[in-house]
>>> print(open('start_12.cif').read())   # mmCIF, C-alpha atoms and all ligand atoms; chains and numbers go by the auth columns
data_start
loop_
_atom_site.group_PDB
_atom_site.id
_atom_site.type_symbol
_atom_site.label_atom_id
_atom_site.label_comp_id
_atom_site.label_asym_id
_atom_site.label_seq_id
_atom_site.Cartn_x
_atom_site.Cartn_y
_atom_site.Cartn_z
_atom_site.B_iso_or_equiv
_atom_site.auth_seq_id
_atom_site.auth_asym_id
ATOM 1 C CA MET A 1 0.000 0.000 0.000 0.00 1 A
ATOM 2 C CA ILE A 2 1.297 3.444 -0.831 0.00 2 A
ATOM 3 C CA GLN A 3 0.054 6.998 -0.710 0.00 3 A
ATOM 4 C CA GLU A 4 0.830 9.234 -3.660 0.00 4 A
ATOM 5 C CA LYS A 5 -0.362 12.188 -5.717 0.00 5 A
ATOM 6 C CA GLN A 6 -1.859 10.888 -8.936 0.00 6 A
ATOM 7 C CA THR A 7 -2.551 12.883 -12.058 0.00 7 A
ATOM 8 C CA ILE A 8 -6.021 12.757 -13.562 0.00 8 A
ATOM 9 C CA LEU A 9 -5.495 11.743 -17.194 0.00 9 A
ATOM 10 C CA SER A 10 -9.163 12.064 -18.115 0.00 10 A
ATOM 11 C CA ASN A 11 -12.518 12.614 -16.454 0.00 11 A
ATOM 12 C CA ILE A 12 -15.710 11.938 -18.405 0.00 12 A
ATOM 13 C CA GLU A 13 -19.354 11.743 -17.343 0.00 13 A
ATOM 14 C CA ILE A 14 -20.449 8.479 -19.001 0.00 14 A
ATOM 15 C CA ALA A 15 -23.983 8.334 -17.554 0.00 15 A
ATOM 16 C CA PRO A 16 -25.965 10.831 -15.476 0.00 16 A
ATOM 17 C CA ASN A 17 -23.783 11.583 -12.417 0.00 17 A
ATOM 18 C CA ILE A 18 -21.427 8.661 -13.190 0.00 18 A
ATOM 19 C CA TYR A 19 -17.871 9.793 -13.901 0.00 19 A
ATOM 20 C CA GLU A 20 -15.090 7.695 -15.405 0.00 20 A
ATOM 21 C CA ILE A 21 -11.759 8.958 -14.122 0.00 21 A
ATOM 22 C CA VAL A 22 -8.371 7.672 -15.324 0.00 22 A
ATOM 23 C CA LEU A 23 -5.473 8.153 -12.910 0.00 23 A
ATOM 24 C CA SER A 24 -1.770 7.511 -13.311 0.00 24 A
ATOM 25 C CA GLY A 25 0.306 6.170 -10.449 0.00 25 A
ATOM 26 C CA THR A 26 3.029 3.773 -9.443 0.00 26 A
ATOM 27 C CA MET A 27 0.640 1.678 -7.328 0.00 27 A
ATOM 28 C CA VAL A 28 -0.850 0.195 -10.503 0.00 28 A
ATOM 29 C CA ASP A 29 1.874 -2.475 -10.483 0.00 29 A
ATOM 30 C CA THR A 30 0.376 -4.199 -7.441 0.00 30 A
ATOM 31 C CA MET A 31 -3.337 -3.808 -8.172 0.00 31 A
ATOM 32 C CA HIS A 32 -5.721 -6.771 -8.332 0.00 32 A
ATOM 33 C CA PRO A 33 -9.354 -6.797 -9.469 0.00 33 A
ATOM 34 C CA GLY A 34 -11.629 -6.336 -6.450 0.00 34 A
ATOM 35 C CA GLN A 35 -9.284 -4.043 -4.548 0.00 35 A
ATOM 36 C CA PHE A 36 -10.053 -0.375 -3.972 0.00 36 A
ATOM 37 C CA VAL A 37 -8.314 2.948 -3.588 0.00 37 A
ATOM 38 C CA HIS A 38 -9.008 5.565 -0.958 0.00 38 A
ATOM 39 C CA ILE A 39 -9.183 9.030 -2.505 0.00 39 A
ATOM 40 C CA GLN A 40 -8.770 12.253 -0.572 0.00 40 A
ATOM 41 C CA VAL A 41 -11.559 14.714 -1.321 0.00 41 A
ATOM 42 C CA PRO A 42 -10.032 17.880 -2.819 0.00 42 A
ATOM 43 C CA ARG A 43 -11.823 20.068 -0.248 0.00 43 A
ATOM 44 C CA GLU A 44 -10.273 21.035 3.056 0.00 44 A
ATOM 45 C CA ASP A 45 -13.539 20.817 4.977 0.00 45 A
ATOM 46 C CA LEU A 46 -14.124 17.158 4.026 0.00 46 A
ATOM 47 C CA LEU A 47 -11.566 15.073 5.864 0.00 47 A
ATOM 48 C CA LEU A 48 -12.639 11.501 5.166 0.00 48 A
ATOM 49 C CA ARG A 49 -11.294 9.831 2.061 0.00 49 A
ATOM 50 C CA ARG A 50 -13.739 8.056 -0.248 0.00 50 A
ATOM 51 C CA PRO A 51 -13.284 4.336 -1.021 0.00 51 A
ATOM 52 C CA ILE A 52 -13.535 3.725 -4.758 0.00 52 A
ATOM 53 C CA SER A 53 -13.257 0.363 -6.518 0.00 53 A
ATOM 54 C CA ILE A 54 -10.974 -0.196 -9.486 0.00 54 A
ATOM 55 C CA ALA A 55 -12.647 -0.709 -12.865 0.00 55 A
ATOM 56 C CA LYS A 56 -9.721 -1.075 -15.276 0.00 56 A
ATOM 57 C CA ILE A 57 -6.028 -1.719 -14.707 0.00 57 A
ATOM 58 C CA ASP A 58 -3.607 -0.753 -17.460 0.00 58 A
ATOM 59 C CA PHE A 59 -0.243 -2.187 -16.425 0.00 59 A
ATOM 60 C CA ASP A 60 1.444 -1.171 -19.698 0.00 60 A
ATOM 61 C CA ASN A 61 0.666 2.513 -19.263 0.00 61 A
ATOM 62 C CA ALA A 62 0.765 2.615 -15.444 0.00 62 A
ATOM 63 C CA CYS A 63 -2.756 3.956 -15.156 0.00 63 A
ATOM 64 C CA TYR A 64 -6.113 2.723 -13.925 0.00 64 A
ATOM 65 C CA THR A 65 -9.762 3.684 -14.144 0.00 65 A
ATOM 66 C CA VAL A 66 -12.374 4.285 -11.475 0.00 66 A
ATOM 67 C CA LEU A 67 -16.064 5.029 -11.810 0.00 67 A
ATOM 68 C CA ILE A 68 -17.565 7.396 -9.274 0.00 68 A
ATOM 69 C CA ARG A 69 -21.185 8.311 -8.729 0.00 69 A
ATOM 70 C CA ALA A 70 -21.428 11.955 -7.678 0.00 70 A
ATOM 71 C CA ASP A 71 -24.060 11.549 -5.007 0.00 71 A
ATOM 72 C CA GLY A 72 -22.656 13.557 -2.113 0.00 72 A
ATOM 73 C CA ASP A 73 -20.389 16.512 -1.417 0.00 73 A
ATOM 74 C CA GLY A 74 -17.238 14.396 -1.321 0.00 74 A
ATOM 75 C CA THR A 75 -17.765 12.333 -4.445 0.00 75 A
ATOM 76 C CA ARG A 76 -19.030 15.428 -6.263 0.00 76 A
ATOM 77 C CA ALA A 77 -15.838 17.306 -5.399 0.00 77 A
ATOM 78 C CA ILE A 78 -13.724 14.431 -6.749 0.00 78 A
ATOM 79 C CA CYS A 79 -15.808 14.233 -9.921 0.00 79 A
ATOM 80 C CA ASN A 80 -15.453 17.984 -10.432 0.00 80 A
ATOM 81 C CA ALA A 81 -11.656 17.700 -10.523 0.00 81 A
ATOM 82 C CA HIS A 82 -10.531 18.271 -14.093 0.00 82 A
ATOM 83 C CA ALA A 83 -7.931 16.388 -16.120 0.00 83 A
ATOM 84 C CA SER A 84 -4.305 17.311 -15.314 0.00 84 A
ATOM 85 C CA ARG A 85 -5.170 18.047 -11.686 0.00 85 A
ATOM 86 C CA SER A 86 -3.877 15.590 -9.110 0.00 86 A
ATOM 87 C CA LEU A 87 -5.582 13.640 -6.339 0.00 87 A
ATOM 88 C CA ASP A 88 -4.078 12.203 -3.168 0.00 88 A
ATOM 89 C CA VAL A 89 -4.651 8.448 -3.290 0.00 89 A
ATOM 90 C CA LEU A 90 -3.993 5.633 -0.809 0.00 90 A
ATOM 91 C CA GLY A 91 -3.950 2.109 -2.187 0.00 91 A
ATOM 92 C CA PRO A 92 -4.378 -0.454 -3.419 0.00 92 A
ATOM 93 C CA LEU A 93 -6.423 -1.604 -0.423 0.00 93 A
ATOM 94 C CA GLY A 94 -8.384 -4.685 0.595 0.00 94 A
ATOM 95 C CA ASN A 95 -8.358 -8.185 -0.780 0.00 95 A
ATOM 96 C CA GLY A 96 -9.316 -8.712 -4.382 0.00 96 A
ATOM 97 C CA PHE A 97 -11.291 -11.548 -5.966 0.00 97 A
ATOM 98 C CA ASP A 98 -9.829 -15.021 -5.428 0.00 98 A
ATOM 99 C CA THR A 99 -9.416 -16.717 -8.808 0.00 99 A
ATOM 100 C CA SER A 100 -6.603 -19.097 -7.858 0.00 100 A
ATOM 101 C CA PHE A 101 -8.782 -22.227 -8.096 0.00 101 A
ATOM 102 C CA LEU A 102 -9.928 -21.552 -11.683 0.00 102 A
ATOM 103 C CA SER A 103 -8.354 -22.996 -14.823 0.00 103 A
ATOM 104 C CA PRO A 104 -8.797 -22.398 -18.564 0.00 104 A
ATOM 105 C CA GLY A 105 -12.329 -23.349 -19.616 0.00 105 A
ATOM 106 C CA SER A 106 -13.836 -22.765 -16.168 0.00 106 A
ATOM 107 C CA LYS A 107 -17.355 -21.339 -16.308 0.00 107 A
ATOM 108 C CA VAL A 108 -17.775 -18.105 -14.407 0.00 108 A
ATOM 109 C CA LEU A 109 -20.851 -15.998 -13.693 0.00 109 A
ATOM 110 C CA LEU A 110 -20.488 -12.275 -12.982 0.00 110 A
ATOM 111 C CA LEU A 111 -23.404 -10.385 -11.416 0.00 111 A
ATOM 112 C CA GLY A 112 -23.146 -6.601 -11.360 0.00 112 A
ATOM 113 C CA GLY A 113 -25.611 -4.023 -10.167 0.00 113 A
ATOM 114 C CA GLY A 114 -25.416 -0.298 -10.942 0.00 114 A
ATOM 115 C CA ILE A 115 -22.371 1.474 -9.580 0.00 115 A
ATOM 116 C CA GLY A 116 -21.193 -1.869 -8.148 0.00 116 A
ATOM 117 C CA THR A 117 -20.477 -3.117 -11.644 0.00 117 A
ATOM 118 C CA PRO A 118 -16.998 -1.559 -12.258 0.00 118 A
ATOM 119 C CA PRO A 119 -14.764 -3.961 -10.260 0.00 119 A
ATOM 120 C CA LEU A 120 -16.230 -6.834 -12.246 0.00 120 A
ATOM 121 C CA LEU A 121 -14.858 -5.309 -15.447 0.00 121 A
ATOM 122 C CA ALA A 122 -11.248 -5.627 -14.286 0.00 122 A
ATOM 123 C CA LEU A 123 -12.053 -9.174 -13.192 0.00 123 A
ATOM 124 C CA ALA A 124 -13.695 -10.008 -16.531 0.00 124 A
ATOM 125 C CA LYS A 125 -10.617 -8.843 -18.406 0.00 125 A
ATOM 126 C CA GLU A 126 -8.332 -10.997 -16.265 0.00 126 A
ATOM 127 C CA LEU A 127 -10.516 -14.101 -16.504 0.00 127 A
ATOM 128 C CA HIS A 128 -10.960 -13.716 -20.251 0.00 128 A
ATOM 129 C CA ALA A 129 -7.185 -13.484 -20.689 0.00 129 A
ATOM 130 C CA LYS A 130 -6.938 -16.771 -18.774 0.00 130 A
ATOM 131 C CA GLN A 131 -9.432 -18.367 -21.193 0.00 131 A
ATOM 132 C CA MET A 132 -12.377 -18.759 -18.848 0.00 132 A
ATOM 133 C CA GLU A 133 -15.939 -18.834 -20.132 0.00 133 A
ATOM 134 C CA LEU A 134 -17.860 -15.854 -18.809 0.00 134 A
ATOM 135 C CA GLU A 135 -21.541 -15.093 -18.498 0.00 135 A
ATOM 136 C CA ILE A 136 -22.182 -11.553 -17.321 0.00 136 A
ATOM 137 C CA LEU A 137 -25.465 -10.180 -15.983 0.00 137 A
ATOM 138 C CA LEU A 138 -25.626 -6.434 -15.414 0.00 138 A
ATOM 139 C CA GLY A 139 -28.595 -4.795 -13.728 0.00 139 A
ATOM 140 C CA PHE A 140 -29.484 -1.107 -13.775 0.00 140 A
ATOM 141 C CA GLN A 141 -32.458 0.986 -12.722 0.00 141 A
ATOM 142 C CA THR A 142 -33.307 2.374 -16.148 0.00 142 A
ATOM 143 C CA LYS A 143 -32.011 2.761 -19.708 0.00 143 A
ATOM 144 C CA HIS A 144 -30.237 6.024 -18.951 0.00 144 A
ATOM 145 C CA SER A 145 -28.230 4.568 -16.109 0.00 145 A
ATOM 146 C CA VAL A 146 -26.738 1.730 -18.184 0.00 146 A
ATOM 147 C CA PHE A 147 -22.986 1.903 -18.680 0.00 147 A
ATOM 148 C CA TYR A 148 -20.066 -0.361 -19.670 0.00 148 A
ATOM 149 C CA GLU A 149 -22.190 -2.873 -21.616 0.00 149 A
ATOM 150 C CA GLU A 150 -19.848 -2.567 -24.601 0.00 150 A
ATOM 151 C CA GLU A 151 -16.773 -2.851 -22.348 0.00 151 A
ATOM 152 C CA PHE A 152 -17.962 -6.187 -20.964 0.00 152 A
ATOM 153 C CA LYS A 153 -19.050 -7.719 -24.265 0.00 153 A
ATOM 154 C CA PRO A 154 -15.575 -8.708 -25.546 0.00 154 A
ATOM 155 C CA TYR A 155 -15.068 -10.797 -22.419 0.00 155 A
ATOM 156 C CA GLY A 156 -18.202 -12.942 -22.474 0.00 156 A
ATOM 157 C CA LYS A 157 -21.933 -13.291 -23.041 0.00 157 A
ATOM 158 C CA THR A 158 -23.326 -10.082 -21.590 0.00 158 A
ATOM 159 C CA ILE A 159 -26.972 -9.610 -20.626 0.00 159 A
ATOM 160 C CA VAL A 160 -28.338 -6.292 -19.377 0.00 160 A
ATOM 161 C CA SER A 161 -31.530 -5.833 -17.438 0.00 161 A
ATOM 162 C CA THR A 162 -33.297 -2.755 -16.134 0.00 162 A
ATOM 163 C CA ASP A 163 -35.757 -2.554 -13.270 0.00 163 A
ATOM 164 C CA ASP A 164 -38.318 -0.737 -15.411 0.00 164 A
ATOM 165 C CA GLY A 165 -37.702 -2.727 -18.602 0.00 165 A
ATOM 166 C CA SER A 166 -36.684 0.372 -20.575 0.00 166 A
ATOM 167 C CA TYR A 167 -33.581 -1.457 -21.824 0.00 167 A
ATOM 168 C CA GLY A 168 -32.672 -5.148 -22.053 0.00 168 A
ATOM 169 C CA LEU A 169 -34.581 -7.673 -19.981 0.00 169 A
ATOM 170 C CA LYS A 170 -37.055 -6.389 -17.446 0.00 170 A
ATOM 171 C CA GLY A 171 -36.347 -7.029 -13.795 0.00 171 A
ATOM 172 C CA ASN A 172 -33.527 -7.132 -11.307 0.00 172 A
ATOM 173 C CA ILE A 173 -30.663 -9.627 -11.291 0.00 173 A
ATOM 174 C CA SER A 174 -32.622 -12.087 -9.170 0.00 174 A
ATOM 175 C CA THR A 175 -35.469 -12.106 -11.695 0.00 175 A
ATOM 176 C CA VAL A 176 -33.054 -12.575 -14.579 0.00 176 A
ATOM 177 C CA LEU A 177 -31.378 -15.499 -12.792 0.00 177 A
ATOM 178 C CA ASP A 178 -34.803 -17.118 -12.462 0.00 178 A
ATOM 179 C CA ILE A 179 -35.556 -16.568 -16.152 0.00 179 A
ATOM 180 C CA LEU A 180 -32.236 -17.980 -17.323 0.00 180 A
ATOM 181 C CA HIS A 181 -32.049 -20.772 -14.741 0.00 181 A
ATOM 182 C CA ALA A 182 -28.444 -19.727 -14.466 0.00 182 A
ATOM 183 C CA ASP A 183 -27.854 -20.898 -10.943 0.00 183 A
ATOM 184 C CA THR A 184 -25.955 -24.093 -10.822 0.00 184 A
ATOM 185 C CA GLN A 185 -23.628 -24.672 -13.694 0.00 185 A
ATOM 186 C CA PHE A 186 -20.828 -22.280 -12.786 0.00 186 A
ATOM 187 C CA ASP A 187 -17.458 -23.017 -11.248 0.00 187 A
ATOM 188 C CA ALA A 188 -17.400 -19.549 -9.706 0.00 188 A
ATOM 189 C CA ILE A 189 -19.788 -16.667 -9.143 0.00 189 A
ATOM 190 C CA TYR A 190 -18.698 -13.106 -8.390 0.00 190 A
ATOM 191 C CA ALA A 191 -21.132 -10.327 -7.496 0.00 191 A
ATOM 192 C CA CYS A 192 -20.916 -6.672 -6.681 0.00 192 A
ATOM 193 C CA GLY A 193 -23.748 -4.214 -6.382 0.00 193 A
ATOM 194 C CA PRO A 194 -26.182 -2.582 -4.007 0.00 194 A
ATOM 195 C CA LYS A 195 -27.061 -4.221 -0.710 0.00 195 A
ATOM 196 C CA GLY A 196 -30.111 -5.971 -2.155 0.00 196 A
ATOM 197 C CA LEU A 197 -28.060 -7.719 -4.826 0.00 197 A
ATOM 198 C CA ASN A 198 -25.299 -8.723 -2.426 0.00 198 A
ATOM 199 C CA ARG A 199 -27.843 -10.009 0.084 0.00 199 A
ATOM 200 C CA MET A 200 -29.636 -12.040 -2.586 0.00 200 A
ATOM 201 C CA VAL A 201 -26.385 -13.599 -3.818 0.00 201 A
ATOM 202 C CA ASN A 202 -25.186 -14.189 -0.256 0.00 202 A
ATOM 203 C CA GLN A 203 -28.315 -16.215 0.445 0.00 203 A
ATOM 204 C CA ARG A 204 -28.993 -17.800 -2.936 0.00 204 A
ATOM 205 C CA PHE A 205 -25.447 -19.123 -3.327 0.00 205 A
ATOM 206 C CA ALA A 206 -24.677 -19.608 0.370 0.00 206 A
ATOM 207 C CA THR A 207 -23.520 -23.186 -0.153 0.00 207 A
ATOM 208 C CA HIS A 208 -21.747 -22.691 -3.473 0.00 208 A
ATOM 209 C CA PRO A 209 -18.055 -23.499 -2.929 0.00 209 A
ATOM 210 C CA HIS A 210 -16.833 -20.517 -4.921 0.00 210 A
ATOM 211 C CA ALA A 211 -19.364 -17.685 -4.827 0.00 211 A
ATOM 212 C CA TYR A 212 -18.183 -14.240 -3.741 0.00 212 A
ATOM 213 C CA ILE A 213 -19.694 -10.856 -3.001 0.00 213 A
ATOM 214 C CA SER A 214 -17.894 -7.529 -2.876 0.00 214 A
ATOM 215 C CA LEU A 215 -19.326 -5.188 -0.262 0.00 215 A
ATOM 216 C CA GLU A 216 -19.463 -1.454 -0.774 0.00 216 A
ATOM 217 C CA GLU A 217 -19.432 0.338 2.531 0.00 217 A
ATOM 218 C CA ARG A 218 -18.762 3.718 4.047 0.00 218 A
ATOM 219 C CA MET A 219 -15.261 3.739 5.427 0.00 219 A
ATOM 220 C CA GLY A 220 -13.058 5.824 7.672 0.00 220 A
ATOM 221 C CA CYS A 221 -9.403 4.907 7.582 0.00 221 A
ATOM 222 C CA GLY A 222 -9.605 2.150 4.941 0.00 222 A
ATOM 223 C CA ILE A 223 -6.743 0.255 6.580 0.00 223 A
ATOM 224 C CA GLY A 224 -8.262 -1.466 9.597 0.00 224 A
ATOM 225 C CA ALA A 225 -7.426 1.227 12.147 0.00 225 A
ATOM 226 C CA CYS A 226 -10.943 2.416 13.003 0.00 226 A
ATOM 227 C CA ALA A 227 -14.216 0.535 13.160 0.00 227 A
ATOM 228 C CA ALA A 228 -16.264 2.425 10.604 0.00 228 A
ATOM 229 C CA CYS A 229 -16.698 -0.547 8.287 0.00 229 A
ATOM 230 C CA ILE A 230 -17.468 -3.492 10.534 0.00 230 A
ATOM 231 C CA CYS A 231 -19.897 -6.257 9.615 0.00 231 A
ATOM 232 C CA GLN A 232 -21.009 -9.390 11.475 0.00 232 A
ATOM 233 C CA LYS A 233 -19.872 -12.907 10.745 0.00 233 A
ATOM 234 C CA GLN A 234 -22.743 -15.105 9.639 0.00 234 A
ATOM 235 C CA ASN A 235 -22.116 -18.038 11.955 0.00 235 A
ATOM 236 C CA ASP A 236 -21.023 -15.871 14.884 0.00 236 A
ATOM 237 C CA PRO A 237 -22.937 -12.541 14.919 0.00 237 A
ATOM 238 C CA ASN A 238 -21.067 -11.463 18.059 0.00 238 A
ATOM 239 C CA HIS A 239 -17.855 -11.536 16.086 0.00 239 A
ATOM 240 C CA THR A 240 -17.311 -8.522 13.820 0.00 240 A
ATOM 241 C CA ILE A 241 -14.819 -8.105 11.013 0.00 241 A
ATOM 242 C CA LYS A 242 -13.604 -5.078 9.114 0.00 242 A
ATOM 243 C CA ILE A 243 -14.650 -4.830 5.491 0.00 243 A
ATOM 244 C CA CYS A 244 -11.658 -2.714 4.481 0.00 244 A
ATOM 245 C CA GLN A 245 -9.169 -5.170 5.921 0.00 245 A
ATOM 246 C CA HIS A 246 -10.768 -8.601 5.501 0.00 246 A
ATOM 247 C CA GLY A 247 -12.826 -7.705 2.429 0.00 247 A
ATOM 248 C CA PRO A 248 -14.263 -6.027 0.522 0.00 248 A
ATOM 249 C CA VAL A 249 -14.631 -9.457 -1.129 0.00 249 A
ATOM 250 C CA PHE A 250 -16.152 -12.223 0.984 0.00 250 A
ATOM 251 C CA LYS A 251 -17.274 -15.766 0.273 0.00 251 A
ATOM 252 C CA THR A 252 -21.039 -16.147 0.369 0.00 252 A
ATOM 253 C CA GLY A 253 -22.268 -17.257 3.771 0.00 253 A
ATOM 254 C CA GLU A 254 -19.299 -15.678 5.520 0.00 254 A
ATOM 255 C CA VAL A 255 -20.850 -12.384 6.669 0.00 255 A
ATOM 256 C CA ILE A 256 -24.314 -10.976 7.296 0.00 256 A
ATOM 257 C CA VAL A 257 -25.274 -8.519 4.574 0.00 257 A
HETATM 258 FE FE1 LIG B . -11.342 1.948 9.385 0.00 301 B
HETATM 259 FE FE2 LIG B . -12.242 -0.165 8.016 0.00 301 B
HETATM 260 S S1 LIG B . -12.471 1.903 7.510 0.00 301 B
HETATM 261 S S2 LIG B . -11.325 -0.123 9.981 0.00 301 B
#
>>> encode(input="start_12.cif", output="C-alpha cells")
Amino acid sequence: MIQEKQTILSNIEIAPNIYEIVLSGTMVDTMHPGQFVHIQVPREDLLLRRPISIAKIDFDNACYTVLIRADGDGTRAICNAHASRSLDVLGPLGNGFDTSFLSPGSKVLLLGGGIGTPPLLALAKELHAKQMELEILLGFQTKHSVFYEEEFKPYGKTIVSTDDGSYGLKGNISTVLDILHADTQFDAIYACGPKGLNRMVNQRFATHPHAYISLEERMGCGIGACAACICQKQNDPNHTIKICQHGPVFKTGEVIV
C-alpha cells in the first residue's frame, strides 16, 4: 500500500452523475481486481477519504480507471476535478477476488448491479485473458443509467436488465437469474452491487463453494485502524470483522449482509 499524488489523465461523465476517471500512479503495479483505492476529497472541509473500486487496470501505461457516482459533497468534489489536476490516493487496499482455483475453460458468472459493476470489469478482463468462459449479468435501474455494456461484451456473453424494462430484460438480477435458470452450472460466481443484490447472492449461493460478493461500505481509515466498516460474521454474529481489511470481497455465507 502506498500513498501518492496521482494525475487525472481524463474525467468523463459516461452516464448521469457517473464519472469515469483515469489516474496515473506507481501503485498500478500491485493492483488486483476487487481491490479499492481511498481518494482524498479535494476540499479542506471534508476530511474523510472516499473508497472507490478499481474498474480497469492498465499495467502497460501505469494507469487505472475508477467510476464514481457523484451523489454527495465528497464524491461530487472528486468528480469535479478536471484532467491534469492531481488527487491524493492511498492504495491499493483490501483483498481482491480469489481466482486461484480456476483454470482455462472454467465457467464463471459475474453479477453486477449499478455502480457496483466496475470492479467486475477488471475481473472479466483478467478471466478472459486466462481463457475462462464468462456469463455476465448487469442490472441497472433504467435505460439512462446503463454503462459499460460494450466494455464487458468482448469478455463474455453479456446480458443487461433494467428494473423498469426500458432497456434489455425487465427485472432485477434475481429475476433474470430465475428466467435464465443460471444458478448451478458455474465453477465460480462473483457479485458486486447494491445491498439488495449482495444479500440475494449471499443467500442464494450460500452453499456454493466458490461464490463471492464484494461489499461497498462507508469507510473511515480504509486500513483497519478504526471501526467504521465493521460487519457481522454469519455463523457468529457477536464476532465482527472489518470490510476494508478482511474484504471487501467475501465468500457467500461468511458475513451478514
Ligand atoms: Fe477503518 Fe475499516 S475503515 S477499519
>>> closest_residue(input="start_12.cif", among="A:Ile173, A:Cys229, A:Leu109, A:Leu127", to="ligand LIG 301 (chain B)", atoms="only C-alpha atoms and all ligand atoms")
A:Cys229
>>> resolve_selection(input="start_12.cif", expression="the PyMOL selection byres (((chain A and resi 124) around 10) and not hetatm)", output="list of chain:residue names")
A:Pro33, A:Lys56, A:Val108, A:Leu109, A:Leu110, A:Pro119, A:Leu120, A:Leu121, A:Ala122, A:Leu123, A:Lys125, A:Glu126, A:Leu127, A:His128, A:Ala129, A:Lys130, A:Met132, A:Glu133, A:Leu134, A:Glu135, A:Ile136, A:Glu151, A:Phe152, A:Lys153, A:Pro154, A:Tyr155, A:Gly156
>>> write_last_selection(input="start_12.cif", atoms="C-alpha atoms", output="short mmCIF file (atom, residue, chain, number, x, y, z; two decimals), keeping the file's coordinate frame")
data_model
loop_
_atom_site.label_atom_id
_atom_site.label_comp_id
_atom_site.auth_asym_id
_atom_site.auth_seq_id
_atom_site.Cartn_x
_atom_site.Cartn_y
_atom_site.Cartn_z
CA PRO A 33 -9.35 -6.80 -9.47
CA LYS A 56 -9.72 -1.08 -15.28
CA VAL A 108 -17.77 -18.10 -14.41
CA LEU A 109 -20.85 -16.00 -13.69
CA LEU A 110 -20.49 -12.28 -12.98
CA PRO A 119 -14.76 -3.96 -10.26
CA LEU A 120 -16.23 -6.83 -12.25
CA LEU A 121 -14.86 -5.31 -15.45
CA ALA A 122 -11.25 -5.63 -14.29
CA LEU A 123 -12.05 -9.17 -13.19
CA LYS A 125 -10.62 -8.84 -18.41
CA GLU A 126 -8.33 -11.00 -16.26
CA LEU A 127 -10.52 -14.10 -16.50
CA HIS A 128 -10.96 -13.72 -20.25
CA ALA A 129 -7.18 -13.48 -20.69
CA LYS A 130 -6.94 -16.77 -18.77
CA MET A 132 -12.38 -18.76 -18.85
CA GLU A 133 -15.94 -18.83 -20.13
CA LEU A 134 -17.86 -15.85 -18.81
CA GLU A 135 -21.54 -15.09 -18.50
CA ILE A 136 -22.18 -11.55 -17.32
CA GLU A 151 -16.77 -2.85 -22.35
CA PHE A 152 -17.96 -6.19 -20.96
CA LYS A 153 -19.05 -7.72 -24.26
CA PRO A 154 -15.58 -8.71 -25.55
CA TYR A 155 -15.07 -10.80 -22.42
CA GLY A 156 -18.20 -12.94 -22.47
#
>>> resolve_selection(input="start_12.cif", expression="the PyMOL selection byres (((chain A and resi 213) around 12) and not hetatm)", output="NGL selection string")
:A and (34 or 95-98 or 109-113 or 116-117 or 119-120 or 188-206 or 210-212 or 214-216 or 243 or 247-257)
>>> closest_residue(input="start_12.cif", among="A:Thr207, A:Ser100, A:Ser84, A:Asn17", to="Arg69 of chain A", atoms="only C-alpha atoms")
A:Asn17
>>> resolve_selection(input="start_12.cif", expression="the PyMOL selection byres (((not hetatm)) within 7 of (chain B and resi 301))", output="ChimeraX atom specification")
/A:219-230,242-245
>>> closest_residue(input="start_12.cif", among="A:Gly105, A:Ile179, A:Gln40, A:Tyr64", to="Leu87 of chain A", atoms="only C-alpha atoms")
A:Gln40
>>> atom_distance(input="start_12.cif", atom1="atom CA of Gln35 of chain A", atom2="atom CA of Ser103 of chain A")
21.6 Å
>>> residues_near_point(input="start_12.cif", point="(-11.8, 16.9, -10.6)", cutoff="10 Å", atoms="all atoms listed in the file", output="VMD selection string")
chain A and resid 8 10 to 11 19 21 41 to 42 75 to 87
>>> atom_distance(input="start_12.cif", atom1="atom CA of Pro92 of chain A", atom2="atom CA of Gly72 of chain A")
23.1 Å
>>> residues_near_point(input="start_12.cif", point="(-3.7, 7.5, -0.5)", cutoff="10 Å", atoms="all atoms listed in the file", output="PyMOL selection string")
chain A and resi 1-6+27+37-40+49+87-93+222
>>> write_last_selection(input="start_12.cif", atoms="C-alpha atoms", output="short mmCIF file (atom, residue, chain, number, x, y, z; two decimals), in the coordinates of the input")
data_model
loop_
_atom_site.label_atom_id
_atom_site.label_comp_id
_atom_site.auth_asym_id
_atom_site.auth_seq_id
_atom_site.Cartn_x
_atom_site.Cartn_y
_atom_site.Cartn_z
CA MET A 1 0.00 0.00 0.00
CA ILE A 2 1.30 3.44 -0.83
CA GLN A 3 0.05 7.00 -0.71
CA GLU A 4 0.83 9.23 -3.66
CA LYS A 5 -0.36 12.19 -5.72
CA GLN A 6 -1.86 10.89 -8.94
CA MET A 27 0.64 1.68 -7.33
CA VAL A 37 -8.31 2.95 -3.59
CA HIS A 38 -9.01 5.56 -0.96
CA ILE A 39 -9.18 9.03 -2.50
CA GLN A 40 -8.77 12.25 -0.57
CA ARG A 49 -11.29 9.83 2.06
CA LEU A 87 -5.58 13.64 -6.34
CA ASP A 88 -4.08 12.20 -3.17
CA VAL A 89 -4.65 8.45 -3.29
CA LEU A 90 -3.99 5.63 -0.81
CA GLY A 91 -3.95 2.11 -2.19
CA PRO A 92 -4.38 -0.45 -3.42
CA LEU A 93 -6.42 -1.60 -0.42
CA GLY A 222 -9.60 2.15 4.94
#
>>> closest_residue(input="start_12.cif", among="A:Ser24, A:Ser145, A:Ser106, A:Thr162", to="Asp187 of chain A", atoms="all atoms listed in the file")
A:Ser106
>>> atom_distance(input="start_12.cif", atom1="atom CA of Gly139 of chain A", atom2="atom CA of Ser161 of chain A")
4.8 Å
>>> closest_residue(input="start_12.cif", among="A:Val22, A:Ile14, A:Cys231, A:Leu177", to="Ala62 of chain A", atoms="only C-alpha atoms")
A:Val22
>>> closest_residue(input="start_12.cif", among="A:Leu137, A:Phe147, A:Val176, A:Phe59", to="Glu13 of chain A", atoms="only C-alpha atoms")
A:Phe147
>>> axis_aligned_box(input="start_12.cif", around="segment 223-227 of chain A", padding_each_side="5 Å", output="lines of an AutoDock Vina configuration file")
center_x = -10.5
center_y = 0.5
center_z = 9.9
size_x = 17.5
size_y = 13.9
size_z = 16.6
>>> residues_around(input="start_12.cif", residues="Tyr167 of chain A", least_positions_apart="5", cutoff="9 Å", atoms="only C-alpha atoms", output="PDB file with C-alpha atoms, in the coordinates of the input")
ATOM      1  CA  THR A 142     -33.307   2.374 -16.148  1.00  0.00           C
ATOM      2  CA  LYS A 143     -32.011   2.761 -19.708  1.00  0.00           C
ATOM      3  CA  HIS A 144     -30.237   6.024 -18.951  1.00  0.00           C
ATOM      4  CA  VAL A 146     -26.738   1.730 -18.184  1.00  0.00           C
ATOM      5  CA  VAL A 160     -28.338  -6.292 -19.377  1.00  0.00           C
ATOM      6  CA  SER A 161     -31.530  -5.833 -17.438  1.00  0.00           C
ATOM      7  CA  THR A 162     -33.297  -2.755 -16.134  1.00  0.00           C
TER       8      THR A 162
END
